[in-house]
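Colleague: Structure supplied as input_20.cif; contents: mmCIF, C-alpha atoms.
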data_work
#
loop_
_atom_site.label_atom_id
_atom_site.label_comp_id
_atom_site.auth_asym_id
_atom_site.auth_seq_id
_atom_site.Cartn_x
_atom_site.Cartn_y
_atom_site.Cartn_z
CA MET A 1 0.00 0.00 0.00
CA THR A 2 2.84 2.38 0.81
CA HIS A 3 4.66 3.81 -2.18
CA LEU A 4 8.20 4.37 -1.04
CA GLU A 5 9.81 7.20 -2.87
CA LYS A 6 12.91 9.10 -1.94
CA ILE A 7 11.86 12.39 -0.41
CA ARG A 8 14.08 15.12 -1.79
CA TYR A 9 14.87 18.38 -0.08
CA LYS A 10 12.63 21.25 -1.10
CA PRO A 11 12.78 24.69 0.48
CA ILE A 12 9.34 24.99 2.08
CA SER A 13 7.96 27.25 4.76
CA VAL A 14 8.47 25.43 8.05
CA LYS A 15 5.44 27.26 9.43
CA LYS A 16 3.26 25.94 6.60
CA ILE A 17 4.52 22.38 7.08
CA LEU A 18 3.96 22.49 10.82
CA ARG A 19 0.43 23.81 10.43
CA GLU A 20 -0.40 21.13 7.88
CA MET A 21 1.04 18.39 10.12
CA LYS A 22 -1.04 19.62 13.05
CA ASP A 23 -4.24 19.90 11.02
CA ILE A 24 -3.78 16.48 9.44
CA SER A 25 -2.95 14.73 12.70
CA GLU A 26 -6.13 16.11 14.27
CA VAL A 27 -8.29 14.91 11.39
CA MET A 28 -6.54 11.52 11.54
CA ILE A 29 -7.57 10.94 15.15
CA ASP A 30 -11.22 11.60 14.35
CA LEU A 31 -11.02 9.41 11.26
CA ALA A 32 -9.29 6.58 13.10
CA TYR A 33 -11.84 6.54 15.92
CA SER A 34 -14.66 6.56 13.38
CA ALA A 35 -13.00 3.77 11.39
CA ALA A 36 -12.87 1.69 14.58
CA LEU A 37 -16.41 2.61 15.61
CA PHE A 38 -17.92 1.55 12.29
CA ASN A 39 -15.29 -1.06 11.42
CA ASN A 40 -14.96 0.95 8.20
CA ALA A 41 -11.99 -0.01 5.99
CA ASP A 42 -12.48 3.00 3.65
CA LEU A 43 -11.99 5.42 6.52
CA ALA A 44 -9.04 3.38 7.78
CA ARG A 45 -7.36 3.57 4.36
CA GLU A 46 -7.71 7.36 4.35
CA VAL A 47 -5.94 7.40 7.73
CA MET A 48 -3.05 5.41 6.21
CA GLU A 49 -2.85 7.83 3.26
CA LEU A 50 -2.68 10.74 5.67
CA GLU A 51 -0.01 9.06 7.74
CA GLU A 52 2.18 8.82 4.64
CA ARG A 53 1.63 12.54 4.06
CA VAL A 54 2.61 13.38 7.65
CA ASP A 55 5.77 11.27 7.32
CA THR A 56 6.75 13.14 4.16
CA LEU A 57 6.06 16.49 5.80
CA SER A 58 8.09 15.44 8.80
CA TYR A 59 11.15 14.67 6.65
CA LEU A 60 10.80 17.95 4.78
CA LEU A 61 10.47 19.91 8.01
CA ASN A 62 13.53 18.29 9.56
CA MET A 63 15.61 18.94 6.43
CA ASN A 64 14.54 22.58 6.29
CA ALA A 65 15.21 23.09 10.00
CA MET A 66 18.70 21.59 9.71
CA ILE A 67 19.58 23.81 6.81
CA ALA A 68 18.27 26.86 8.67
CA ALA A 69 20.47 26.15 11.70
CA ARG A 70 23.93 27.71 11.24
CA ASP A 71 25.16 27.60 14.82
CA ALA A 72 24.29 26.37 18.31
CA GLY A 73 22.07 29.39 18.95
CA ASP A 74 20.00 28.67 15.83
CA ALA A 75 19.77 25.00 16.78
CA GLU A 76 18.51 25.85 20.26
CA ALA A 77 15.95 28.25 18.85
CA LEU A 78 14.72 25.65 16.36
CA ILE A 79 14.50 22.68 18.72
CA SER A 80 10.96 23.50 19.81
CA ILE A 81 9.85 23.19 16.17
CA LEU A 82 11.34 19.70 15.81
CA THR A 83 9.85 18.61 19.14
CA VAL A 84 6.37 19.79 18.21
CA ALA A 85 6.67 18.21 14.76
CA ALA A 86 7.75 14.92 16.34
CA ALA A 87 4.73 15.09 18.65
CA THR A 88 2.29 15.57 15.77
CA ASN A 89 4.01 12.67 14.04
CA GLU A 90 3.47 10.49 17.14
CA ILE A 91 -0.20 11.45 17.13
CA SER A 92 -0.50 10.45 13.48
CA ASP A 93 1.27 7.14 14.21
CA ALA A 94 -1.19 6.46 17.03
CA ALA A 95 -4.11 7.11 14.68
CA ALA A 96 -2.54 4.78 12.11
CA ASP A 97 -2.21 2.04 14.76
CA ILE A 98 -5.97 2.20 15.32
CA ALA A 99 -6.65 2.20 11.56
CA LYS A 100 -4.43 -0.84 11.09
CA LEU A 101 -6.61 -2.81 13.51
CA VAL A 102 -9.47 -2.31 11.08
CA LEU A 103 -7.42 -3.07 7.96
CA LEU A 104 -5.82 -6.20 9.43
CA GLU A 105 -9.33 -7.43 10.25
CA ILE A 106 -8.26 -8.10 13.81
CA GLY A 107 -11.81 -7.37 14.83
CA ILE A 108 -12.90 -4.41 16.88
CA HIS A 109 -14.17 -5.50 20.29
CA PRO A 110 -17.72 -4.25 21.06
CA ILE A 111 -16.29 -2.47 24.11
CA VAL A 112 -14.23 -0.23 21.81
CA ARG A 113 -17.29 0.62 19.78
CA GLU A 114 -19.32 1.37 22.90
CA ALA A 115 -16.56 3.53 24.33
CA PHE A 116 -16.32 5.56 21.11
CA ARG A 117 -19.99 5.92 20.32
CA ARG A 118 -21.26 9.44 20.06
CA ILE A 119 -24.83 9.55 18.89
CA GLU A 120 -24.69 13.22 18.03
CA GLU A 121 -21.91 13.26 15.48
CA GLN A 122 -20.49 10.96 12.88
CA LEU A 123 -17.82 11.07 10.25
CA ILE A 124 -18.40 10.07 6.67
CA ARG A 125 -16.22 9.45 3.63
CA VAL A 126 -17.98 9.91 0.29
CA VAL A 127 -16.80 10.03 -3.29
CA VAL A 128 -18.35 12.78 -5.43
CA LYS A 129 -19.87 11.02 -8.44
CA PRO A 130 -19.84 12.72 -11.86
CA GLY A 131 -23.61 13.45 -11.88
CA SER A 132 -23.64 14.98 -8.38
CA LYS A 133 -24.95 18.48 -7.80
CA LEU A 134 -21.90 19.11 -5.63
CA VAL A 135 -19.61 19.15 -8.68
CA ASN A 136 -18.19 22.59 -9.50
CA LYS A 137 -19.84 24.15 -6.45
CA LYS A 138 -17.97 26.34 -4.00
CA ILE A 139 -18.13 25.03 -0.45
CA GLY A 140 -19.23 28.46 0.77
CA ASP A 141 -22.13 28.54 -1.70
CA LEU A 142 -23.33 25.07 -0.68
CA ASP A 143 -23.55 26.28 2.95
CA LEU A 144 -23.91 22.68 4.11
CA ALA A 145 -23.56 23.59 7.77
CA ALA A 146 -26.74 25.67 7.68
CA GLN A 147 -28.58 23.50 5.13
CA ILE A 148 -28.01 19.98 6.44
CA GLY A 149 -25.83 20.43 9.53
CA VAL A 150 -22.71 18.93 7.97
CA ASP A 151 -19.12 20.24 7.85
CA ILE A 152 -16.61 19.14 5.21
CA ILE A 153 -13.43 18.76 7.25
CA ALA A 154 -11.16 17.47 4.48
CA ILE A 155 -11.02 16.76 0.75
CA ARG A 156 -8.73 14.25 -0.90
CA ARG A 157 -8.08 14.91 -4.60
CA VAL A 158 -6.15 11.87 -5.85
CA LYS A 159 -2.99 12.22 -3.68
CA LYS A 160 -3.54 15.82 -2.59
CA TRP A 161 -5.19 16.61 0.73
CA ILE A 162 -7.06 19.81 1.51
CA ILE A 163 -7.60 19.97 5.26
CA ASP A 164 -10.30 22.31 6.58
CA PRO A 165 -11.15 23.58 3.06
CA LYS A 166 -11.98 27.26 2.69
CA ASP A 167 -15.30 28.64 1.46
CA ASP A 168 -13.95 29.33 -2.04
CA GLU A 169 -12.74 25.77 -2.58
CA VAL A 170 -14.57 24.23 -5.58
CA ILE A 171 -15.64 20.58 -5.30
CA ARG A 172 -14.65 18.43 -8.28
CA GLU A 173 -15.73 15.10 -9.70
CA ASN A 174 -14.20 12.15 -7.84
CA ASP A 175 -13.19 14.24 -4.85
CA VAL A 176 -13.20 12.22 -1.66
CA LEU A 177 -15.01 14.23 1.00
CA ILE A 178 -14.53 13.67 4.72
CA ALA A 179 -17.41 15.28 6.57
CA ARG A 180 -18.73 15.50 10.10
CA GLY A 181 -22.32 15.94 11.22
CA ALA A 182 -25.48 14.50 12.68
CA PRO A 183 -26.54 11.13 11.20
CA MET A 184 -29.42 12.57 9.15
CA GLY A 185 -27.28 15.27 7.55
CA ILE A 186 -24.55 12.74 6.87
CA GLU A 187 -27.00 10.59 4.92
CA LYS A 188 -28.17 13.63 2.91
CA LEU A 189 -24.58 14.45 1.99
CA ARG A 190 -24.01 10.86 0.91
CA ALA A 191 -27.08 11.03 -1.32
CA MET A 192 -25.98 14.38 -2.79
CA ALA A 193 -22.48 13.06 -3.54
CA GLU A 194 -23.97 10.03 -5.24
CA GLY A 195 -26.10 12.23 -7.49
CA LYS A 196 -29.46 11.50 -5.89
CA GLU A 197 -32.20 14.09 -5.41
CA VAL A 198 -32.16 15.51 -1.91
CA VAL A 199 -34.98 17.59 -0.49
CA ILE A 200 -33.67 20.29 1.78
CA GLU A 201 -36.24 21.67 4.19
CA GLU A 202 -35.87 25.36 4.71
CA MET B 1 5.76 17.10 40.13
CA THR B 2 4.85 13.46 39.58
CA HIS B 3 3.63 11.57 42.64
CA LEU B 4 4.62 7.98 42.09
CA GLU B 5 2.25 5.63 43.80
CA LYS B 6 1.77 1.95 43.21
CA ILE B 7 -1.33 1.48 41.12
CA ARG B 8 -3.32 -1.41 42.55
CA TYR B 9 -5.74 -3.55 40.61
CA LYS B 10 -9.35 -2.45 40.84
CA PRO B 11 -12.16 -4.09 38.89
CA ILE B 12 -13.33 -1.25 36.66
CA SER B 13 -15.40 -1.15 33.49
CA VAL B 14 -12.95 -1.36 30.62
CA LYS B 15 -15.41 0.58 28.47
CA LYS B 16 -15.48 3.42 30.99
CA ILE B 17 -11.69 3.53 31.21
CA LEU B 18 -11.28 3.53 27.45
CA ARG B 19 -13.79 6.33 26.99
CA GLU B 20 -12.09 8.41 29.67
CA MET B 21 -8.66 7.82 28.09
CA LYS B 22 -9.95 8.90 24.70
CA ASP B 23 -11.71 12.00 26.04
CA ILE B 24 -8.70 13.05 28.12
CA SER B 25 -6.19 12.53 25.30
CA GLU B 26 -8.26 14.74 23.01
CA VAL B 27 -8.46 17.54 25.57
CA MET B 28 -4.71 17.16 26.18
CA ILE B 29 -3.86 17.87 22.55
CA ASP B 30 -5.87 21.09 22.56
CA LEU B 31 -4.37 22.11 25.89
CA ALA B 32 -0.82 21.33 24.78
CA TYR B 33 -1.15 23.33 21.56
CA SER B 34 -2.62 26.25 23.52
CA ALA B 35 0.15 26.00 26.11
CA ALA B 36 2.71 26.26 23.29
CA LEU B 37 0.81 29.03 21.53
CA PHE B 38 0.64 31.24 24.61
CA ASN B 39 3.80 29.90 26.30
CA ASN B 40 1.47 29.25 29.23
CA ALA B 41 2.97 27.18 32.05
CA ASP B 42 -0.38 26.81 33.86
CA LEU B 43 -1.93 25.08 30.83
CA ALA B 44 1.22 22.97 30.41
CA ARG B 45 0.99 21.80 34.03
CA GLU B 46 -2.63 20.71 33.49
CA VAL B 47 -1.42 18.64 30.54
CA MET B 48 1.11 16.91 32.80
CA GLU B 49 -1.58 16.22 35.41
CA LEU B 50 -3.75 14.66 32.71
CA GLU B 51 -0.89 12.56 31.42
CA GLU B 52 -0.49 11.05 34.87
CA ARG B 53 -4.20 10.23 34.87
CA VAL B 54 -3.97 8.56 31.44
CA ASP B 55 -0.99 6.49 32.61
CA THR B 56 -2.95 5.30 35.64
CA LEU B 57 -5.97 4.46 33.50
CA SER B 58 -3.74 2.61 31.08
CA TYR B 59 -2.36 0.36 33.84
CA LEU B 60 -5.85 -0.31 35.20
CA LEU B 61 -7.16 -1.14 31.73
CA ASN B 62 -4.33 -3.55 31.00
CA MET B 63 -4.75 -5.29 34.34
CA ASN B 64 -8.51 -5.67 33.83
CA ALA B 65 -8.07 -6.94 30.28
CA MET B 66 -5.50 -9.54 31.39
CA ILE B 67 -7.79 -10.82 34.11
CA ALA B 68 -10.70 -10.99 31.68
CA ALA B 69 -8.72 -13.13 29.20
CA ARG B 70 -9.04 -16.81 30.10
CA ASP B 71 -7.84 -18.36 26.85
CA ALA B 72 -6.38 -17.55 23.43
CA GLY B 73 -9.81 -16.72 22.03
CA ASP B 74 -10.44 -14.14 24.77
CA ALA B 75 -6.98 -12.68 24.26
CA GLU B 76 -7.56 -12.27 20.53
CA ALA B 77 -10.91 -10.66 21.13
CA LEU B 78 -9.42 -8.24 23.67
CA ILE B 79 -6.32 -7.24 21.70
CA SER B 80 -8.11 -4.41 19.87
CA ILE B 81 -8.88 -2.83 23.25
CA LEU B 82 -5.23 -2.84 24.32
CA THR B 83 -4.14 -1.48 20.93
CA VAL B 84 -6.59 1.39 21.05
CA ALA B 85 -5.68 2.13 24.66
CA ALA B 86 -1.98 2.17 23.73
CA ALA B 87 -2.76 4.58 20.90
CA THR B 88 -4.58 7.01 23.20
CA ASN B 89 -1.64 6.73 25.58
CA GLU B 90 0.75 7.64 22.74
CA ILE B 91 -1.41 10.66 21.93
CA SER B 92 -1.27 11.76 25.55
CA ASP B 93 2.53 11.28 25.59
CA ALA B 94 2.82 13.45 22.48
CA ALA B 95 0.78 16.18 24.14
CA ALA B 96 2.99 15.92 27.24
CA ASP B 97 6.11 16.31 25.06
CA ILE B 98 4.75 19.63 23.80
CA ALA B 99 3.81 20.73 27.32
CA LYS B 100 7.32 19.88 28.59
CA LEU B 101 8.81 22.32 26.08
CA VAL B 102 6.89 25.06 27.85
CA LEU B 103 7.72 23.85 31.36
CA LEU B 104 11.42 23.37 30.61
CA GLU B 105 11.48 26.94 29.33
CA ILE B 106 13.14 25.76 26.15
CA GLY B 107 11.42 28.62 24.41
CA ILE B 108 8.71 28.26 21.83
CA HIS B 109 9.92 29.42 18.41
CA PRO B 110 7.68 32.11 16.87
CA ILE B 111 7.10 29.74 13.92
CA VAL B 112 5.33 27.31 16.26
CA ARG B 113 3.11 30.08 17.55
CA GLU B 114 2.31 31.27 14.04
CA ALA B 115 1.53 27.74 12.88
CA PHE B 116 -0.86 27.18 15.79
CA ARG B 117 -2.58 30.50 15.84
CA ARG B 118 -6.33 30.44 15.42
CA ILE B 119 -7.83 33.83 15.91
CA GLU B 120 -11.34 32.45 16.31
CA GLU B 121 -10.88 30.20 19.30
CA GLN B 122 -8.75 30.04 22.37
CA LEU B 123 -8.44 27.87 25.42
CA ILE B 124 -8.37 29.22 28.93
CA ARG B 125 -7.64 27.85 32.39
CA VAL B 126 -9.27 29.71 35.24
CA VAL B 127 -9.66 29.04 38.94
CA VAL B 128 -13.13 29.72 40.37
CA LYS B 129 -12.57 32.14 43.25
CA PRO B 130 -14.78 31.92 46.37
CA GLY B 131 -16.75 35.10 45.61
CA SER B 132 -17.50 34.15 42.00
CA LYS B 133 -21.09 33.97 40.73
CA LEU B 134 -20.19 30.65 39.10
CA VAL B 135 -20.01 28.91 42.50
CA ASN B 136 -22.84 26.42 43.13
CA LYS B 137 -24.28 26.98 39.64
CA LYS B 138 -25.19 24.16 37.31
CA ILE B 139 -23.36 24.33 33.99
CA GLY B 140 -26.67 23.93 32.15
CA ASP B 141 -28.22 26.87 34.01
CA LEU B 142 -25.25 29.14 33.25
CA ASP B 143 -25.77 28.45 29.53
CA LEU B 144 -22.36 29.97 28.79
CA ALA B 145 -22.39 28.84 25.16
CA ALA B 146 -25.41 31.00 24.39
CA GLN B 147 -24.53 33.83 26.81
CA ILE B 148 -20.85 34.45 26.09
CA GLY B 149 -19.93 31.87 23.43
CA VAL B 150 -17.76 29.76 25.72
CA ASP B 151 -17.76 26.00 26.35
CA ILE B 152 -16.37 24.42 29.51
CA ILE B 153 -14.54 21.36 28.17
CA ALA B 154 -13.08 20.11 31.45
CA ILE B 155 -13.09 20.72 35.19
CA ARG B 156 -10.31 19.76 37.56
CA ARG B 157 -11.37 19.37 41.19
CA VAL B 158 -8.14 18.87 43.16
CA LYS B 159 -6.95 15.58 41.56
CA LYS B 160 -10.26 14.60 39.93
CA TRP B 161 -10.94 15.43 36.29
CA ILE B 162 -14.38 15.85 34.79
CA ILE B 163 -14.03 15.82 31.02
CA ASP B 164 -16.85 17.26 28.94
CA PRO B 165 -18.97 18.01 32.03
CA LYS B 166 -22.72 17.48 31.79
CA ASP B 167 -25.37 20.17 32.20
CA ASP B 168 -26.20 19.11 35.77
CA GLU B 169 -22.58 19.39 36.97
CA VAL B 170 -22.36 22.00 39.74
CA ILE B 171 -19.34 24.31 39.76
CA ARG B 172 -17.58 24.57 43.11
CA GLU B 173 -15.15 26.97 44.72
CA ASN B 174 -11.56 26.42 43.58
CA ASP B 175 -12.58 24.34 40.57
CA VAL B 176 -10.10 24.70 37.72
CA LEU B 177 -12.10 25.29 34.54
CA ILE B 178 -10.71 24.59 31.08
CA ALA B 179 -12.85 26.40 28.53
CA ARG B 180 -12.85 27.11 24.84
CA GLY B 181 -14.28 30.09 23.02
CA ALA B 182 -13.77 33.36 21.20
CA PRO B 183 -11.32 35.77 22.89
CA MET B 184 -14.03 38.14 24.16
CA GLY B 185 -16.06 35.35 25.77
CA ILE B 186 -12.92 33.89 27.27
CA GLU B 187 -12.15 37.19 28.98
CA LYS B 188 -15.72 37.38 30.33
CA LEU B 189 -15.42 33.90 31.79
CA ARG B 190 -12.12 34.83 33.42
CA ALA B 191 -13.74 37.88 35.00
CA MET B 192 -16.72 35.81 36.20
CA ALA B 193 -14.44 33.18 37.73
CA GLU B 194 -12.49 35.91 39.51
CA GLY B 195 -15.66 37.31 41.02
CA LYS B 196 -15.84 40.48 38.95
CA GLU B 197 -19.08 41.97 37.63
CA VAL B 198 -19.73 40.98 34.05
CA VAL B 199 -22.35 42.61 31.88
CA ILE B 200 -23.94 40.12 29.52
CA GLU B 201 -25.62 41.71 26.54
CA GLU B 202 -28.85 39.97 25.65
#
Represent the structure from my file as structure tokens, please.

Modeller:
Amino acid sequence: MTHLEKIRYKPISVKKILREMKDISEVMIDLAYSAALFNNADLAREVMELEERVDTLSYLLNMNAMIAARDAGDAEALISILTVAAATNEISDAAADIAKLVLLEIGIHPIVREAFRRIEEQLIRVVVKPGSKLVNKKIGDLDLAAQIGVDIIAIRRVKKWIIDPKDDEVIRENDVLIARGAPMGIEKLRAMAEGKEVVIEE
Amino acid sequence: MTHLEKIRYKPISVKKILREMKDISEVMIDLAYSAALFNNADLAREVMELEERVDTLSYLLNMNAMIAARDAGDAEALISILTVAAATNEISDAAADIAKLVLLEIGIHPIVREAFRRIEEQLIRVVVKPGSKLVNKKIGDLDLAAQIGVDIIAIRRVKKWIIDPKDDEVIRENDVLIARGAPMGIEKLRAMAEGKEVVIEE
């Protein structure tokens, strides 16, 4: 499943990498718990994809930090960045450990499911089908939070992840949406992504 | 800071332990990031307190799971519980690593602060002073979410933690409240906890 490629040094904003690592690791925890709760292999696979992304970001961050450090003073000043990055990496590893349980079909004990159950909110992973009304719509214009009580927390576009997408992000065919909301709204989003008619009560 | 005491076996609901570990580890991440963002030693110390609690819960869970397993079949069925518990423990360790940066006064690089900054929401830790209007009030009756846009996500009462307190939880003198909200609401809550007059606009 993992595509091992040499990660080459690129000069990238350390701030941007760190923010992305933090955002991804937070989404991963939610996804991993949901994967365990519903014994859902699709969600678990998204967690594994994200873990790969965090690993790549972690290498890039460490390379950029090393190049930035010219002397002991620089190194001291930068150490907090590496420590925080390592911590987000540990969080993503922990989420991946939970996801692997699902993928290895070890079987999730009912106690785990009961401990993780939250009736109010669920996570969903849906693929936007070509005929869907979501295609070519801006997230802000859809206003899903107000309409059906659902938040899109991440989009995967082939290998690219958009975490916490902004209002002007346009949904495309075959986007994988990760969304959070009450069960009824979640089902409406699934129907919309699959191109079915959905009645929205005003 | 750490009080090492032998943790003795107690028969406890594994489900209850696991849920508490999960809830605490999630709060710990938010607290740790906020501690780093504001270089706030008080928040960092709460993270360390919570880590101790997660460690204790982890021991208790492992002991209870071992006693519950009578044969290989039981052990296989229970392994997902131990794996998930270990993952939540890793998450809590990662949060503690971030908190230690603050406590060891290693200095949080501005890049970390910039990467973590969210203008919309902040976390606060306040101690409820004896004269405060919060004393002896039920959380549900205070309705802080509607009144000042603030959520109490945890209460520490000496060594006892109440994560995600329910509406009928009564706030007591000297409770440590961990709350999340917009900066203005956060400041109002601080004033209320310190016994100052707060004008709430309807």

Colleague: For the contact check between segment 42-69 of chain A and segment 172-178 of chain A, emit one row per residue of segment 42-69 of chain A within 12 Å, containing the shortest atom pair and the distance in Å rounded to one decimal, counting all atoms listed in the file, chain then rising number order, as a tab-separated table.

Modeller:
residue	atom	partner	partner_atom	distance
A:Asp42	CA	A:Val176	CA	10.7
A:Leu43	CA	A:Ile178	CA	8.8
A:Glu46	CA	A:Ile178	CA	9.3
A:Val47	CA	A:Ile178	CA	11.1

Colleague: Let me know the residues the PyMOL selection byres ((chain A and resi 190-196) around 9) catches in the file above, as a compact mmCIF listing (two decimals) with C-alpha atoms, in the frame of the given file.

Modeller:
# COMPACT_ATOMS: atom_id res chain seq x y z
CA ILE A 124 -18.40 10.07 6.67
CA ARG A 125 -16.22 9.45 3.63
CA VAL A 126 -17.98 9.91 0.29
CA VAL A 127 -16.80 10.03 -3.29
CA VAL A 128 -18.35 12.78 -5.43
CA LYS A 129 -19.87 11.02 -8.44
CA PRO A 130 -19.84 12.72 -11.86
CA GLY A 131 -23.61 13.45 -11.88
CA SER A 132 -23.64 14.98 -8.38
CA LYS A 133 -24.95 18.48 -7.80
CA LEU A 134 -21.90 19.11 -5.63
CA VAL A 135 -19.61 19.15 -8.68
CA LEU A 177 -15.01 14.23 1.00
CA GLY A 185 -27.28 15.27 7.55
CA ILE A 186 -24.55 12.74 6.87
CA GLU A 187 -27.00 10.59 4.92
CA LYS A 188 -28.17 13.63 2.91
CA LEU A 189 -24.58 14.45 1.99
CA GLU A 197 -32.20 14.09 -5.41
CA VAL A 198 -32.16 15.51 -1.91

Colleague: Return the neighbours of chain B among the residues of chain A, cut-off 6 Å, counting only C-alpha atoms, as a list of chain:residue names.

Modeller: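 Here they are: A:Lys15, A:Arg19, A:Ser80, A:Val84, A:Ala87, A:Ile91, A:Ala94, A:Ile98, A:Ile108, A:Ile111, A:Ala115.
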
Colleague: For atom CA of Leu31 of chain B and atom CA of Leu57 of chain B, quote the distance in Å rounded to one decimal.

Modeller: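 Rounded to one decimal, the two atoms are 19.3 Å apart.
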
Colleague: In Å, with one decimal, what is the gap from atom CA of Met184 of chain A to atom CA of Asn40 of chain A?

Modeller: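 Taking atom CA of Met184 of chain A and atom CA of Asn40 of chain A, their separation equals 18.6 Å.
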
Colleague: Skip Ile24 of chain A itself and residues of its chain fewer than 5 positions away, then list as a list in words all residues within 8 Å of it, counting all atoms listed in the file.

Modeller: Leu50, Val54, Ser92 and Ile163 of chain A

Colleague: Hey, can you check how far atom CA of Asn62 of chain B sits from atom CA of Ile7 of chain B?

Modeller: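 Rounded to one decimal, the two atoms are 11.7 Å apart.
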
Colleague: Restricting the calculation to only C-alpha atoms, which member of A:Val150, A:Lys166, A:Arg180, A:Pro11 is positioned closest to Met66 of chain A?

Modeller: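 With only C-alpha atoms as the atom set, the closest residue is A:Pro11.
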
Colleague: As a PyMOL selection string, please: the residues near Asp164 of chain B (cut-off 8 Å, all atoms listed in the file, same-chain neighbours under 4 positions excluded).

Modeller: chain B and resi 23+152-154
